[in-house]
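Take a look at the structure below.
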Amino acid sequence: DGGTRAAVEAMRPDIEPLPAFAAAADEQHAIIAMDGVGASVGFHRHAAVWQTQVTGRKAWWLMPPSVHAVGDYRTPPIVDGQVYGNPNACELLLRRAPPPGASVCVMEPGDTLILPGAWWHATCGLDLVTGAIGGWLAHHEFVTHT
């Protein structure tokens, strides 16, 4: 839509040229994440990706692929008998402690995260507007599923 296109054009100077480890633009494996304060994604995992924060701050919780899922690959993680299926990970800032052993980082503009395949992660927007650009890695052999 026009709003998304305008946001992409506004961020273009911050995202081009793509880094050498990014999938080629013609592969269409790009990620544009525009969020606001409290916008969140609960714990999940997928192929290896990278993401660079362009504006605002975003909290990330990370756990290695060795953490078990409740069921198949697309189910939430379970740590010490506790299921972490929170659809809004911002709850980990306010009402619930993050899983034992989870690492947390706060991405600020200019920070880049390279997330290996199958790593658990959850995010929470910390500012009124957050924007990030990223995508899948160029070398798909780094993708792992456990």
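Quick note on naming: the chains in the structure tokens go A, B, ... in the order shown, residues restart at 1 in each chain, and ligands are numbered from 1 in order of appearance.
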
Strand (DSSP E or B) per DSSP on the backbone: members of chain A, as JSON, numbers by chain = {"A": [22, 30, 31, 32, 33, 34, 35, 40, 41, 42, 43, 44, 49, 50, 51, 52, 53, 54, 55, 58, 59, 60, 61, 62, 63, 69, 77, 78, 79, 82, 83, 103, 104, 105, 106, 107, 112, 113, 114, 115, 120, 121, 122, 123, 124, 125, 130, 131, 132, 133, 134, 135, 136, 137]}

Selection: 7 Å around Gly56 (chain A), only C-alpha atoms, excl. self and same-chain fewer than 6 positions, as a list in words | Glu108, Pro109, Asp127, Val129, Thr130 and Gly131 of chain A

Got a sec: who's within 6 Å of region 29-41 of chain A, counting only C-alpha atoms, leaving out chain neighbours fewer than 6 positions off, as a list in words?
->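 After dropping sequence-adjacent residues, the list is Asn88, Ala89, Ala122, Thr123, Cys124, Gly125, Leu126, Asp127, Leu128, Val129, Thr130, Gly131, Ala132, Ile133, Gly134, Gly135 and Trp136 of chain A.
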
Minimum-distance residue to Pro116 (chain A), chosen among A:Leu92, A:Gly81, A:Ala23, A:Leu62 (using only C-alpha atoms) = A:Leu62

The residue from A:Gly117, A:Gly85, A:Pro19, A:Gly3 with the smallest atom-to-atom distance to Pro65 (chain A), counting only C-alpha atoms, is A:Gly117

Selection: 10 Å around Pro100 (chain A), only C-alpha atoms, excl. self and same-chain fewer than 5 positions, as a list in words =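 Listing them by chain and then by number gives Met63, Val79, Asp80 and Gln82 of chain A.
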
Selection to disk with C-alpha atoms, as a short mmCIF file (atom, residue, chain, number, x, y, z; two decimals), in the first residue's frame:
```
data_model
loop_
_atom_site.label_atom_id
_atom_site.label_comp_id
_atom_site.auth_asym_id
_atom_site.auth_seq_id
_atom_site.Cartn_x
_atom_site.Cartn_y
_atom_site.Cartn_z
CA MET A 63 17.26 -18.74 23.36
CA VAL A 79 11.67 -24.27 29.93
CA ASP A 80 11.75 -25.93 33.36
CA GLN A 82 6.87 -23.63 32.00
#
```

Test item: residues at most 6 Å from Ala22 (chain A), only C-alpha atoms, excluding those fewer than 2 positions along its chain, as a PDB file with N, CA, C and O atoms, in the first residue's frame:
```
ATOM      1  N   PRO A  19      23.855  -5.375   2.974  1.00  0.00           N
ATOM      2  CA  PRO A  19      25.123  -5.978   3.405  1.00  0.00           C
ATOM      3  C   PRO A  19      25.433  -7.245   2.601  1.00  0.00           C
ATOM      4  O   PRO A  19      24.534  -7.885   2.052  1.00  0.00           O
ATOM      5  N   ALA A  20      26.714  -7.615   2.566  1.00  0.00           N
ATOM      6  CA  ALA A  20      27.161  -8.761   1.779  1.00  0.00           C
ATOM      7  C   ALA A  20      26.499 -10.059   2.224  1.00  0.00           C
ATOM      8  O   ALA A  20      26.316 -10.970   1.410  1.00  0.00           O
ATOM      9  N   LEU A 137      19.428 -14.644   5.285  1.00  0.00           N
ATOM     10  CA  LEU A 137      20.851 -14.604   4.948  1.00  0.00           C
ATOM     11  C   LEU A 137      21.075 -15.139   3.545  1.00  0.00           C
ATOM     12  O   LEU A 137      20.311 -15.962   3.049  1.00  0.00           O
ATOM     13  N   ALA A 138      22.158 -14.689   2.916  1.00  0.00           N
ATOM     14  CA  ALA A 138      22.466 -15.080   1.544  1.00  0.00           C
ATOM     15  C   ALA A 138      22.786 -16.558   1.434  1.00  0.00           C
ATOM     16  O   ALA A 138      22.466 -17.196   0.445  1.00  0.00           O
TER      17      ALA A 138
END
```

Mind checking which residues fall within 12 Å of Val70 (chain A), counting only C-alpha atoms, ignoring those fewer than 2 positions away in the same chain, and posting them as a VMD selection string?
-> chain A and resid 43 to 44 67 to 68 72 to 85

Region 89-119 of chain A: which residues are helix (DSSP H, G or I) by DSSP, as a ChimeraX atom specification?
-> /A:91-94

Could those selected residues go to a file with N, CA and C atoms, as an mmCIF file, in the first residue's frame?
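Written file, again.cif:
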```cif
data_model
loop_
_atom_site.group_PDB
_atom_site.id
_atom_site.type_symbol
_atom_site.label_atom_id
_atom_site.label_comp_id
_atom_site.auth_asym_id
_atom_site.auth_seq_id
_atom_site.Cartn_x
_atom_site.Cartn_y
_atom_site.Cartn_z
ATOM 1 N N GLU A 91 4.908 -8.673 27.779
ATOM 2 C CA GLU A 91 4.529 -9.172 29.100
ATOM 3 C C GLU A 91 5.777 -9.566 29.899
ATOM 4 N N LEU A 92 6.849 -9.972 29.201
ATOM 5 C CA LEU A 92 8.092 -10.349 29.880
ATOM 6 C C LEU A 92 8.762 -9.147 30.539
ATOM 7 N N LEU A 93 8.378 -7.935 30.153
ATOM 8 C CA LEU A 93 8.896 -6.719 30.780
ATOM 9 C C LEU A 93 8.060 -6.320 31.986
ATOM 10 N N LEU A 94 6.794 -6.701 31.993
ATOM 11 C CA LEU A 94 5.859 -6.165 32.980
ATOM 12 C C LEU A 94 5.351 -7.172 34.001
#
```

Nearest-residue call for Ala47 (chain A), choices A:Ala59, A:Ala10, A:Ile114, A:Val104, using only C-alpha atoms =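 Looking only at the distances to Ala47 (chain A), the closest residue turns out to be A:Ile114.
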
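Between CA of Thr55 (chain A) and CA of Gly101 (chain A) lies a distance of 28.3 Å.
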
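Closest approach to Trp50 (chain A) among A:Glu16, A:Met107, A:Pro64, A:Leu113 is made by A:Leu113 (distances from only C-alpha atoms).
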